[in-house]
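Text of protein-v8.cif, listed as mmCIF, C-alpha atoms and all ligand atoms:
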data_final
#
loop_
_atom_site.label_atom_id
_atom_site.label_comp_id
_atom_site.auth_asym_id
_atom_site.auth_seq_id
_atom_site.Cartn_x
_atom_site.Cartn_y
_atom_site.Cartn_z
CA MET H 1 22.13 24.06 11.09
CA ALA H 2 22.94 25.44 14.56
CA ASP H 3 21.09 28.71 13.85
CA ARG H 4 18.00 26.95 12.58
CA GLN H 5 18.09 24.56 15.55
CA ALA H 6 18.40 27.43 18.02
CA ALA H 7 15.38 29.10 16.42
CA GLY H 8 13.46 25.82 16.38
CA ILE H 9 13.69 25.36 20.14
CA ASP H 10 11.29 28.21 20.79
CA ALA H 11 9.32 27.98 17.57
CA THR H 12 5.88 26.61 16.97
CA ASN H 13 4.96 24.50 13.96
CA GLN H 14 3.38 27.56 12.37
CA ALA H 15 6.84 29.09 11.84
CA PHE H 16 7.34 26.32 9.26
CA ALA H 17 3.81 26.25 7.85
CA ARG H 18 5.03 27.26 4.39
CA TYR H 19 6.48 23.75 3.96
CA ASP H 20 3.24 21.94 4.76
CA GLN H 21 1.28 20.48 1.86
CA VAL H 22 -1.89 19.70 3.83
CA ASN H 23 -3.97 21.84 6.20
CA LYS H 24 -2.56 22.01 9.73
CA PRO H 25 -4.25 24.95 11.41
CA HIS H 26 -3.36 23.87 14.97
CA GLU H 27 -0.34 25.34 16.74
CA TYR H 28 2.09 23.58 19.07
CA HIS H 29 5.65 24.12 20.27
CA LEU H 30 8.19 21.91 18.50
CA ALA H 31 10.19 21.44 21.69
CA GLU H 32 8.59 20.47 24.96
CA ALA H 33 9.16 21.25 28.65
CA ARG H 34 9.55 25.01 28.58
CA HIS H 35 5.94 25.53 27.75
CA GLY H 36 3.67 24.17 30.55
CA GLU H 37 1.89 21.52 28.54
CA ALA H 38 -1.36 19.73 29.20
CA PHE H 39 -1.84 15.97 29.08
CA ASP H 40 -4.96 14.05 28.24
CA ASP H 41 -5.00 11.03 30.55
CA ASP H 42 -8.55 10.04 29.62
CA TYR H 43 -8.29 9.54 25.89
CA ARG H 44 -8.01 5.89 24.90
CA ILE H 45 -6.45 5.22 21.53
CA ARG H 46 -8.42 2.35 20.05
CA THR H 47 -7.06 -1.17 19.70
CA CYS H 48 -8.27 -3.01 16.59
CA ASP H 49 -7.84 -6.69 15.73
CA LEU H 50 -6.34 -6.86 12.23
CA GLY H 51 -6.91 -10.63 12.32
CA ARG H 52 -10.58 -9.90 11.60
CA PHE H 53 -9.55 -8.46 8.25
CA LEU H 54 -6.77 -10.95 7.50
CA ARG H 55 -8.68 -14.08 8.44
CA GLY H 56 -12.35 -13.10 8.84
CA ASP H 57 -15.34 -13.29 6.54
CA ALA H 58 -16.83 -10.35 4.63
CA ALA H 59 -18.78 -9.10 7.67
CA ASP H 60 -15.65 -9.24 9.88
CA ARG H 61 -13.67 -7.37 7.28
CA ARG H 62 -16.27 -4.63 7.02
CA ALA H 63 -16.58 -4.32 10.80
CA PHE H 64 -12.80 -4.05 11.20
CA ALA H 65 -12.56 -1.51 8.39
CA ARG H 66 -15.19 0.67 10.04
CA GLU H 67 -13.55 0.44 13.46
CA LEU H 68 -10.08 1.22 12.20
CA THR H 69 -11.22 4.11 10.04
CA ASP H 70 -13.24 5.58 12.92
CA ALA H 71 -10.21 5.34 15.22
CA LEU H 72 -7.93 7.06 12.73
CA ARG H 73 -10.49 9.68 11.77
CA ALA H 74 -10.68 10.66 15.45
CA ILE H 75 -6.97 10.98 16.22
CA GLY H 76 -4.83 9.52 13.43
CA PHE H 77 -3.50 6.70 15.63
CA ALA H 78 -4.64 3.15 16.42
CA VAL H 79 -3.13 0.04 17.99
CA LEU H 80 -3.21 -3.15 15.90
CA GLU H 81 -3.36 -6.63 17.35
CA GLY H 82 -3.83 -9.92 15.51
CA HIS H 83 -1.33 -8.95 12.80
CA GLY H 84 0.50 -12.27 12.79
CA VAL H 85 4.09 -10.96 12.94
CA ASP H 86 6.25 -13.06 15.28
CA GLU H 87 7.27 -10.95 18.28
CA ARG H 88 10.61 -12.79 18.50
CA LEU H 89 11.61 -11.05 15.27
CA TRP H 90 11.12 -7.72 17.06
CA THR H 91 13.11 -8.79 20.11
CA GLU H 92 16.01 -9.67 17.87
CA ALA H 93 15.61 -6.41 15.94
CA GLU H 94 15.90 -4.42 19.16
CA ALA H 95 19.12 -6.19 20.12
CA ARG H 96 20.61 -5.68 16.67
CA ILE H 97 19.72 -1.97 16.72
CA VAL H 98 21.49 -1.48 20.05
CA ASP H 99 24.48 -3.34 18.65
CA LEU H 100 24.55 -1.31 15.43
CA PHE H 101 24.51 2.05 17.17
CA THR H 102 26.79 1.21 20.09
CA GLN H 103 29.36 -1.12 18.47
CA VAL H 104 30.01 0.47 15.08
CA PRO H 105 32.53 3.34 15.51
CA LEU H 106 31.23 6.83 14.73
CA ALA H 107 33.72 7.31 11.88
CA GLU H 108 32.35 4.18 10.25
CA LYS H 109 28.74 5.28 10.76
CA LEU H 110 29.55 8.65 9.20
CA ARG H 111 30.61 6.91 5.97
CA PHE H 112 26.89 6.15 5.53
CA ARG H 113 25.62 9.65 6.30
CA ALA H 114 22.11 10.21 5.00
CA ARG H 115 21.58 11.59 1.51
CA ARG H 116 18.54 11.91 -0.70
CA HIS H 117 17.53 8.96 -2.88
CA GLY H 118 14.35 9.87 -4.76
CA SER H 119 12.24 11.49 -2.05
CA ILE H 120 13.80 9.98 1.02
CA ASN H 121 16.85 10.98 3.00
CA GLN H 122 18.41 7.58 3.45
CA GLY H 123 21.36 6.54 5.62
CA TYR H 124 22.78 7.50 8.99
CA PHE H 125 21.69 10.52 11.05
CA PRO H 126 24.03 11.43 13.94
CA ILE H 127 22.65 12.45 17.30
CA LYS H 128 21.05 15.92 17.24
CA GLU H 129 21.12 15.86 13.41
CA THR H 130 17.82 14.19 12.60
CA SER H 131 16.60 17.58 11.46
CA ASP H 132 17.90 21.10 11.01
CA ILE H 133 15.25 22.57 13.26
CA HIS H 134 15.64 20.81 16.59
CA PRO H 135 18.55 19.01 18.32
CA ASP H 136 16.78 15.68 18.88
CA LEU H 137 18.48 13.26 21.23
CA VAL H 138 18.33 10.36 18.81
CA GLU H 139 20.56 8.59 16.30
CA GLY H 140 18.73 7.21 13.29
CA TRP H 141 19.34 5.06 10.25
CA VAL H 142 16.93 4.91 7.33
CA PHE H 143 16.87 2.01 4.89
CA CYS H 144 14.56 2.18 1.87
CA ARG H 145 13.50 -0.58 -0.45
CA ARG H 146 16.60 -0.13 -2.60
CA ALA H 147 18.84 -1.08 0.34
CA PHE H 148 17.38 -4.59 0.44
CA GLU H 149 17.61 -7.62 -1.81
CA LEU H 150 13.93 -7.46 -2.69
CA ASP H 151 13.76 -6.63 -6.40
CA GLY H 152 17.36 -7.28 -7.35
CA PRO H 153 20.73 -7.68 -5.68
CA ALA H 154 21.15 -5.71 -2.45
CA ARG H 155 23.63 -2.83 -2.60
CA VAL H 156 25.21 -4.06 0.63
CA ALA H 157 28.49 -2.15 0.50
CA GLU H 158 26.64 1.08 -0.26
CA PHE H 159 24.07 0.90 2.52
CA TRP H 160 25.08 -1.54 5.27
CA PRO H 161 27.93 -1.17 7.78
CA GLN H 162 27.46 -4.80 8.83
CA PRO H 163 26.52 -7.05 5.86
CA ASP H 164 24.54 -9.55 7.97
CA LEU H 165 22.08 -6.81 8.94
CA GLU H 166 20.60 -6.75 5.42
CA PRO H 167 19.12 -10.29 5.40
CA PHE H 168 17.84 -9.87 8.96
CA PHE H 169 16.10 -6.54 8.43
CA ARG H 170 14.90 -7.76 5.03
CA ARG H 171 12.93 -10.41 6.95
CA VAL H 172 11.50 -7.69 9.20
CA CYS H 173 10.48 -5.63 6.16
CA GLN H 174 8.94 -8.62 4.39
CA ALA H 175 6.91 -9.49 7.50
CA HIS H 176 5.65 -5.90 7.76
CA GLU H 177 5.21 -5.45 4.01
CA ARG H 178 2.56 -8.18 4.01
CA LEU H 179 0.35 -5.87 6.06
CA ILE H 180 0.56 -2.86 3.72
CA LEU H 181 -2.24 -3.89 1.36
CA PRO H 182 -4.59 -5.18 4.11
CA VAL H 183 -4.22 -1.91 6.05
CA MET H 184 -4.78 0.26 2.96
CA ARG H 185 -7.73 -1.85 1.77
CA SER H 186 -9.29 -1.60 5.24
CA LEU H 187 -9.01 2.17 5.21
CA LEU H 188 -10.41 2.49 1.70
CA LEU H 189 -13.28 0.17 2.57
CA GLY H 190 -13.95 2.10 5.79
CA LEU H 191 -14.02 5.36 3.84
CA GLY H 192 -16.51 3.97 1.32
CA CYS H 193 -13.95 4.08 -1.51
CA ASP H 194 -12.84 1.37 -3.93
CA GLU H 195 -11.06 -1.10 -1.67
CA HIS H 196 -8.50 -1.86 -4.37
CA ALA H 197 -7.76 1.70 -5.48
CA TYR H 198 -4.17 1.51 -4.18
CA ASP H 199 -3.38 -2.15 -4.94
CA ARG H 200 -1.12 -1.37 -7.88
CA ARG H 201 0.60 1.59 -6.26
CA LEU H 202 1.30 -0.32 -3.04
CA THR H 203 2.50 -3.56 -4.60
CA ARG H 204 6.30 -3.62 -4.15
CA THR H 205 6.09 -0.02 -3.10
CA ASN H 206 8.78 2.10 -1.55
CA PHE H 207 9.12 2.33 2.21
CA GLY H 208 11.53 3.69 4.79
CA LEU H 209 12.54 1.46 7.67
CA ARG H 210 13.92 3.82 10.28
CA LEU H 211 16.06 2.40 13.08
CA ASN H 212 16.10 4.78 16.04
CA TYR H 213 18.49 4.63 18.97
CA TYR H 214 17.71 7.05 21.79
CA PRO H 215 20.71 6.90 24.12
CA PRO H 216 20.40 7.23 27.90
CA VAL H 217 19.82 10.90 28.71
CA PRO H 218 22.30 12.36 31.23
CA SER H 219 20.45 14.14 34.04
CA ALA H 220 21.98 17.53 33.13
CA GLU H 221 20.46 17.31 29.66
CA ALA H 222 17.14 16.12 31.06
CA GLU H 223 17.06 19.09 33.42
CA ALA H 224 17.85 21.46 30.56
CA GLY H 225 14.62 20.32 28.90
CA ALA H 226 16.08 18.00 26.31
CA GLY H 227 13.61 16.14 24.11
CA ARG H 228 14.05 12.85 22.32
CA LEU H 229 12.16 13.74 19.16
CA LEU H 230 10.39 16.98 18.38
CA GLY H 231 6.69 17.25 17.65
CA HIS H 232 6.07 16.43 13.98
CA GLU H 233 3.72 14.73 11.58
CA ASP H 234 4.80 11.81 9.40
CA VAL H 235 5.00 12.53 5.67
CA ASP H 236 3.88 9.09 4.48
CA LEU H 237 0.61 7.28 3.79
CA PHE H 238 0.91 5.46 7.11
CA THR H 239 3.52 4.21 9.56
CA LEU H 240 3.70 0.77 11.15
CA LEU H 241 5.57 0.92 14.46
CA PRO H 242 6.25 -2.16 16.60
CA ALA H 243 5.31 -1.01 20.11
CA PRO H 244 8.50 0.31 21.76
CA ARG H 245 9.34 -1.06 25.21
CA VAL H 246 10.34 2.26 26.79
CA GLU H 247 7.64 4.88 27.18
CA GLY H 248 7.85 8.16 25.35
CA LEU H 249 5.46 8.32 22.38
CA GLN H 250 2.91 11.11 22.78
CA VAL H 251 0.12 12.04 20.40
CA LEU H 252 -1.51 15.47 20.17
CA ASN H 253 -5.28 15.40 20.57
CA ARG H 254 -6.30 18.33 18.39
CA THR H 255 -9.77 18.55 19.88
CA ASN H 256 -8.37 19.79 23.22
CA MET H 257 -4.69 20.40 22.33
CA LYS H 258 -3.54 18.00 25.06
CA TRP H 259 -0.92 15.27 24.65
CA VAL H 260 -1.98 11.63 24.93
CA ARG H 261 0.65 9.18 26.19
CA LEU H 262 0.52 6.14 23.95
CA ASN H 263 1.81 3.00 25.64
CA ALA H 264 0.86 0.13 23.36
CA PRO H 265 1.30 -3.42 24.70
CA ALA H 266 4.39 -5.40 23.66
CA GLY H 267 3.75 -7.31 20.47
CA ALA H 268 1.25 -4.79 19.06
CA PHE H 269 1.74 -2.37 16.20
CA VAL H 270 1.06 1.32 16.50
CA LEU H 271 -0.46 2.55 13.24
CA ASN H 272 -0.69 6.21 12.29
CA THR H 273 -1.61 8.12 9.18
CA GLY H 274 0.64 10.74 7.59
CA ASP H 275 0.57 13.66 5.17
CA TYR H 276 0.12 11.56 1.98
CA MET H 277 -2.99 10.02 3.57
CA GLN H 278 -4.41 13.35 4.73
CA ARG H 279 -3.90 14.69 1.20
CA VAL H 280 -5.57 11.81 -0.68
CA THR H 281 -8.44 11.54 1.82
CA ASN H 282 -9.19 15.27 1.56
CA ASP H 283 -8.43 15.78 5.29
CA VAL H 284 -10.74 12.95 6.41
CA LEU H 285 -7.85 10.97 7.93
CA PRO H 286 -5.51 13.39 9.71
CA SER H 287 -1.72 13.43 9.78
CA THR H 288 -1.41 13.64 13.54
CA THR H 289 1.29 15.42 15.51
CA HIS H 290 3.39 13.21 17.77
CA ARG H 291 6.73 13.27 19.55
CA VAL H 292 9.00 11.20 21.78
CA SER H 293 9.45 12.42 25.35
CA LEU H 294 11.60 11.22 28.19
CA PRO H 295 10.06 8.60 30.48
CA ARG H 296 8.33 10.07 33.53
CA ASP H 297 10.32 7.80 35.84
CA PRO H 298 13.81 9.39 36.15
CA ALA H 299 15.34 5.93 36.65
CA LEU H 300 14.20 4.92 33.15
CA ARG H 301 15.90 7.93 31.57
CA GLY H 302 19.19 6.16 32.11
CA ALA H 303 18.03 3.41 29.75
CA ALA H 304 18.35 3.53 25.97
CA ARG H 305 15.17 3.42 23.90
CA VAL H 306 14.92 1.85 20.47
CA SER H 307 12.19 1.89 17.86
CA PHE H 308 11.92 0.81 14.24
CA PRO H 309 8.96 2.34 12.41
CA MET H 310 8.28 1.48 8.77
CA ALA H 311 6.94 4.41 6.76
CA VAL H 312 4.88 3.42 3.72
CA TYR H 313 5.20 5.59 0.61
CA VAL H 314 4.17 5.47 -3.02
CA TRP H 315 6.95 5.69 -5.62
CA GLU H 316 8.16 9.14 -6.59
CA ASP H 317 6.39 9.36 -9.96
CA GLU H 318 2.93 8.49 -8.63
CA LEU H 319 0.34 11.22 -8.44
CA LEU H 320 -1.31 12.00 -5.11
CA GLU H 321 -4.93 12.78 -5.91
CA VAL H 322 -7.95 13.19 -3.67
CA LEU H 323 -9.93 9.94 -3.73
CA PRO H 324 -13.36 10.11 -5.37
CA GLY H 325 -16.33 10.30 -3.00
CA LEU H 326 -14.66 12.33 -0.25
CA GLY H 327 -16.13 15.71 -1.10
CA ALA H 328 -14.97 18.56 -3.32
CA PRO H 329 -11.18 18.18 -3.53
CA LYS H 330 -9.31 20.71 -1.38
CA TYR H 331 -6.04 19.81 -3.08
CA GLU H 332 -4.65 19.67 -6.60
CA PRO H 333 -3.06 16.43 -7.80
CA VAL H 334 0.67 16.49 -7.07
CA LYS H 335 3.58 14.21 -7.88
CA ALA H 336 4.73 12.30 -4.81
CA VAL H 337 8.36 13.43 -5.09
CA THR H 338 7.34 17.09 -5.21
CA PHE H 339 4.91 16.74 -2.34
CA HIS H 340 7.35 14.79 -0.20
CA THR H 341 10.46 16.90 -0.68
CA ARG H 342 8.62 20.22 -0.32
CA ILE H 343 7.58 19.07 3.14
CA THR H 344 10.88 17.57 4.23
CA SER H 345 12.90 20.57 3.10
CA LYS H 346 11.59 21.93 6.42
CA TYR H 347 14.05 19.53 8.07
CA TYR H 348 16.86 19.32 5.52
CA GLY H 349 17.05 22.82 4.01
CA ASP H 350 15.28 24.54 1.12
CA ASP H 351 17.53 22.98 -1.53
CA TYR H 352 16.16 19.53 -0.61
CA ALA H 353 12.94 20.23 -2.53
CA VAL H 354 12.63 18.66 -6.00
CA GLY H 355 10.41 20.34 -8.61
CA ASP H 356 7.89 18.59 -10.86
FE FE B 1 6.88 10.15 13.40
#
Go ahead and render the structure in this file as structure tokens.
Ligand SMILES: [Fe+2]
Amino acid sequence: MADRQAAGIDATNQAFARYDQVNKPHEYHLAEARHGEAFDDDYRIRTCDLGRFLRGDAADRRAFARELTDALRAIGFAVLEGHGVDERLWTEAEARIVDLFTQVPLAEKLRFRARRHGSINQGYFPIKETSDIHPDLVEGWVFCRRAFELDGPARVAEFWPQPDLEPFFRRVCQAHERLILPVMRSLLLGLGCDEHAYDRRLTRTNFGLRLNYYPPVPSAEAEAGAGRLLGHEDVDLFTLLPAPRVEGLQVLNRTNMKWVRLNAPAGAFVLNTGDYMQRVTNDVLPSTTHRVSLPRDPALRGAARVSFPMAVYVWEDELLEVLPGLGAPKYEPVKAVTFHTRITSKYYGDDYAVGD
């Protein structure tokens, strides 16, 4: 891992292009800071009111669908208000994440080290071991549907270091899961496709809830150009991220190759589309590059940052096919597990990939 990480620090995404399963012709450095980078302070990532889709009439739903799809088509990111999830749930989630990462001893955390279940590498990722190609200053913990008591008994001993975390984060997942179909239907409607084309695939679908703990960054590491999370694209259909409190999320605007700082208001979701979505929409909705940087204010670097994105997937056996009506397909149909693990073997090593 150390060799690949050392190479990754100076590499651009194109060094790993053979793993990509959708077109990504742009080039950016995986690590930041050493490479005089440009920021786009003018771009405004759109805020859309999901309440218009959830509670509006047919005209509201259509207007929201158009707005959201336009926002994502332009940059792959949007901010969602009006989603109806109680912000107090998020406040408690943040406190529990800090507690999980700072109170559970490392040896105990390592008993849950991530391993592949289906497509997804699920479990604990130590600091600097989120991926083989960059020493990210983050600890992570991924819980997929099978870790929760949603379709059968929870496998608590197998997945949870503190048993009471399962019912709490199950509530978080259930609150977020209710938005999966409305978001997908909005996008399909906005694209002029059958609004219900993914209803079956996304009912009780698989997801990855990723708990991220970015510890305070010592000034020596900050000066050495440390990054919190390298530039990457999400693999999924889309990601629902409760707006983090500490700044850091940056989105690459491919039209000018400048980074946009995304500071969504507390209580909002950040929504972004991933590789599955780019594939099935024939490149209409992009899988957009993003990363987590240190706060600009040095005083804030001494504070931890937490986030808990939910990545929405289809189950491993589903076929990812270009949706009808979006032009001549650029991509062959592919099984989700093959597509997913070919991409993520970039991070976890070539033997991570699963064949058809
Ligand atoms: Fe991401």
Expressed in Å, the length from CA of Thr289 in chain H to CA of Gly231 in chain H is 6.1 Å
* Asked: For the point (-1.1, 15.8, 5.2) in file coordinates, what residues are within 10 Å, counting only C-alpha atoms? Give the answer as a PyMOL selection string?
  -> chain H and resi 20-24+233-237+273-283+285-288+339+343
Taken to one decimal, the CA of Arg145 in chain H-CA of Glu129 in chain H distance is 22.8 Å
Q | Test item: residues at most 8 Å from Glu321 in chain H, all atoms listed in the file, excluding those fewer than 2 positions along its chain, as a list in words | A | Arg279, Val280, Leu319, Leu323, Tyr331, Glu332, Pro333 and Val334 of chain H
Inset, instruction - Find the residues around Glu32 in chain H up to 10 Å (only C-alpha atoms counted), leave out those fewer than 4 positions away in its own chain, and share them as an MDAnalysis selection string. - result: chainID H and resid 9:10 28 36:37 225:231 291:293
Only C-alpha atoms, please: the residues just picked out, written as a PDB file, in the frame of the given file.
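Saved as part22.pdb:
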ATOM      1  CA  ILE H   9      13.690  25.360  20.140  1.00  0.00           C
ATOM      2  CA  ASP H  10      11.290  28.210  20.790  1.00  0.00           C
ATOM      3  CA  TYR H  28       2.090  23.580  19.070  1.00  0.00           C
ATOM      4  CA  GLY H  36       3.670  24.170  30.550  1.00  0.00           C
ATOM      5  CA  GLU H  37       1.890  21.520  28.540  1.00  0.00           C
ATOM      6  CA  GLY H 225      14.620  20.320  28.900  1.00  0.00           C
ATOM      7  CA  ALA H 226      16.080  18.000  26.310  1.00  0.00           C
ATOM      8  CA  GLY H 227      13.610  16.140  24.110  1.00  0.00           C
ATOM      9  CA  ARG H 228      14.050  12.850  22.320  1.00  0.00           C
ATOM     10  CA  LEU H 229      12.160  13.740  19.160  1.00  0.00           C
ATOM     11  CA  LEU H 230      10.390  16.980  18.380  1.00  0.00           C
ATOM     12  CA  GLY H 231       6.690  17.250  17.650  1.00  0.00           C
ATOM     13  CA  ARG H 291       6.730  13.270  19.550  1.00  0.00           C
ATOM     14  CA  VAL H 292       9.000  11.200  21.780  1.00  0.00           C
ATOM     15  CA  SER H 293       9.450  12.420  25.350  1.00  0.00           C
TER      16      SER H 293
END
ask   = Residues around (9.4, -1.2, 20.0), cut-off 12 Å, counting only C-alpha atoms - what are they as a PyMOL selection string?
value = chain H and resi 87-95+97+210-214+240-249+263-270+304-310
For this session: Could you tell me how far CA of Cys144 in chain H lies from CA of Leu209 in chain H, in Å and to one decimal?
Result: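 Going from CA of Cys144 in chain H over to CA of Leu209 in chain H, I get 6.2 Å.
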Closest of H:Gln103, H:Thr130, H:Thr205, H:Gln162 to ligand FE 1 (chain B), counting only C-alpha atoms and all ligand atoms, is H:Thr130
Min atom-atom distance to Thr255 in chain H from the set H:Pro324, H:Pro163, H:Pro25, H:Pro298, counting only C-alpha atoms, belongs to H:Pro25
Surrounding residues of Glu27 in chain H excluding itself and chain neighbours under 4 positions, 12 Å, all atoms listed in the file, as an mmCIF file with C-alpha atoms, keeping the file's coordinate frame:
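Ended up saving to result_22.cif:
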data_model
loop_
_atom_site.group_PDB
_atom_site.id
_atom_site.type_symbol
_atom_site.label_atom_id
_atom_site.label_comp_id
_atom_site.auth_asym_id
_atom_site.auth_seq_id
_atom_site.Cartn_x
_atom_site.Cartn_y
_atom_site.Cartn_z
ATOM 1 C CA ALA H 11 9.320 27.980 17.570
ATOM 2 C CA THR H 12 5.880 26.610 16.970
ATOM 3 C CA ASN H 13 4.960 24.500 13.960
ATOM 4 C CA GLN H 14 3.380 27.560 12.370
ATOM 5 C CA ALA H 15 6.840 29.090 11.840
ATOM 6 C CA PHE H 16 7.340 26.320 9.260
ATOM 7 C CA ALA H 17 3.810 26.250 7.850
ATOM 8 C CA ASN H 23 -3.970 21.840 6.200
ATOM 9 C CA GLY H 231 6.690 17.250 17.650
ATOM 10 C CA HIS H 232 6.070 16.430 13.980
ATOM 11 C CA LEU H 252 -1.510 15.470 20.170
ATOM 12 C CA ASN H 253 -5.280 15.400 20.570
ATOM 13 C CA ARG H 254 -6.300 18.330 18.390
ATOM 14 C CA ASN H 256 -8.370 19.790 23.220
ATOM 15 C CA MET H 257 -4.690 20.400 22.330
ATOM 16 C CA LYS H 258 -3.540 18.000 25.060
ATOM 17 C CA THR H 289 1.290 15.420 15.510
#
message: Restricting the calculation to only C-alpha atoms and all ligand atoms: of H:Gly349, H:Gly56, H:Gly208, H:Gly84, which residue gets closest to ligand FE 1 (chain B)?
response: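 Looking at the shortest contact to ligand FE 1 (chain B), the residue is H:Gly208.
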*Extract, using all atoms listed in the file, all DNA, RNA and protein residues at most 12 Å from range 114-118 of chain H, discarding same-chain residues fewer than 3 positions from it, and format them as a PyMOL selection string.*
chain H and resi 109-111+121-126+129-131+139-147+158-159+206-208+210+313-317+336-341+344-345+348-349+351-355
Of H:Leu100, H:Arg342, H:Phe77, H:Lys335, the one sitting nearest ligand FE 1 (chain B) when using only C-alpha atoms and all ligand atoms is H:Phe77
Give, as JSON, the centre coordinates and the x, y and z edge lengths in Å to one decimal for an axis-aligned box around all listed atoms of range 159-170 of chain H, padded by 5 Å on each side.
{"center_x": 21.4, "center_y": -4.7, "center_z": 5.7, "size_x": 23.0, "size_y": 21.2, "size_z": 16.4}
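Nearest residue to ligand FE 1 (chain B), choosing from H:Phe148, H:Gly325, H:Gly76, H:His176 and counting all atoms listed in the file: H:Gly76.
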Ranking H:Cys48, H:Leu262, H:Cys193, H:Leu187 by minimum distance to Glu81 in chain H and counting all atoms listed in the file, which one comes first?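 Of H:Cys48, H:Leu262, H:Cys193, H:Leu187, the one nearest Glu81 in chain H is H:Cys48, counting all atoms listed in the file.
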*Find the residues around Val183 in chain H up to 12 Å (all atoms listed in the file counted), leave out those fewer than 2 positions away in its own chain, and share them as a ChimeraX atom specification.*
/H:48-54,61,64-66,68-69,72,78,80,83,176-181,185-190,195-196,198-199,202,237-240,269,271-273,312
For the structure just given, write the atoms of range 172-188 of chain H, namely C-alpha atoms, as a CSV table (one decimal), in the first residue's frame.
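Result file is part.csv:
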chain,number,residue,atom,x,y,z
H,172,VAL,CA,-31.0,7.6,10.2
H,173,CYS,CA,-31.0,5.2,7.3
H,174,GLN,CA,-34.8,4.8,7.3
H,175,ALA,CA,-35.3,8.6,7.3
H,176,HIS,CA,-32.9,8.9,4.3
H,177,GLU,CA,-34.2,5.8,2.6
H,178,ARG,CA,-37.6,7.4,2.2
H,179,LEU,CA,-36.0,10.0,-0.2
H,180,ILE,CA,-34.4,7.4,-2.5
H,181,LEU,CA,-37.4,6.9,-4.7
H,182,PRO,CA,-38.5,10.5,-4.8
H,183,VAL,CA,-35.0,11.6,-5.9
H,184,MET,CA,-34.7,8.9,-8.6
H,185,ARG,CA,-38.2,9.6,-9.9
H,186,SER,CA,-37.4,13.3,-10.1
H,187,LEU,CA,-34.3,12.7,-12.1
H,188,LEU,CA,-36.0,10.2,-14.5
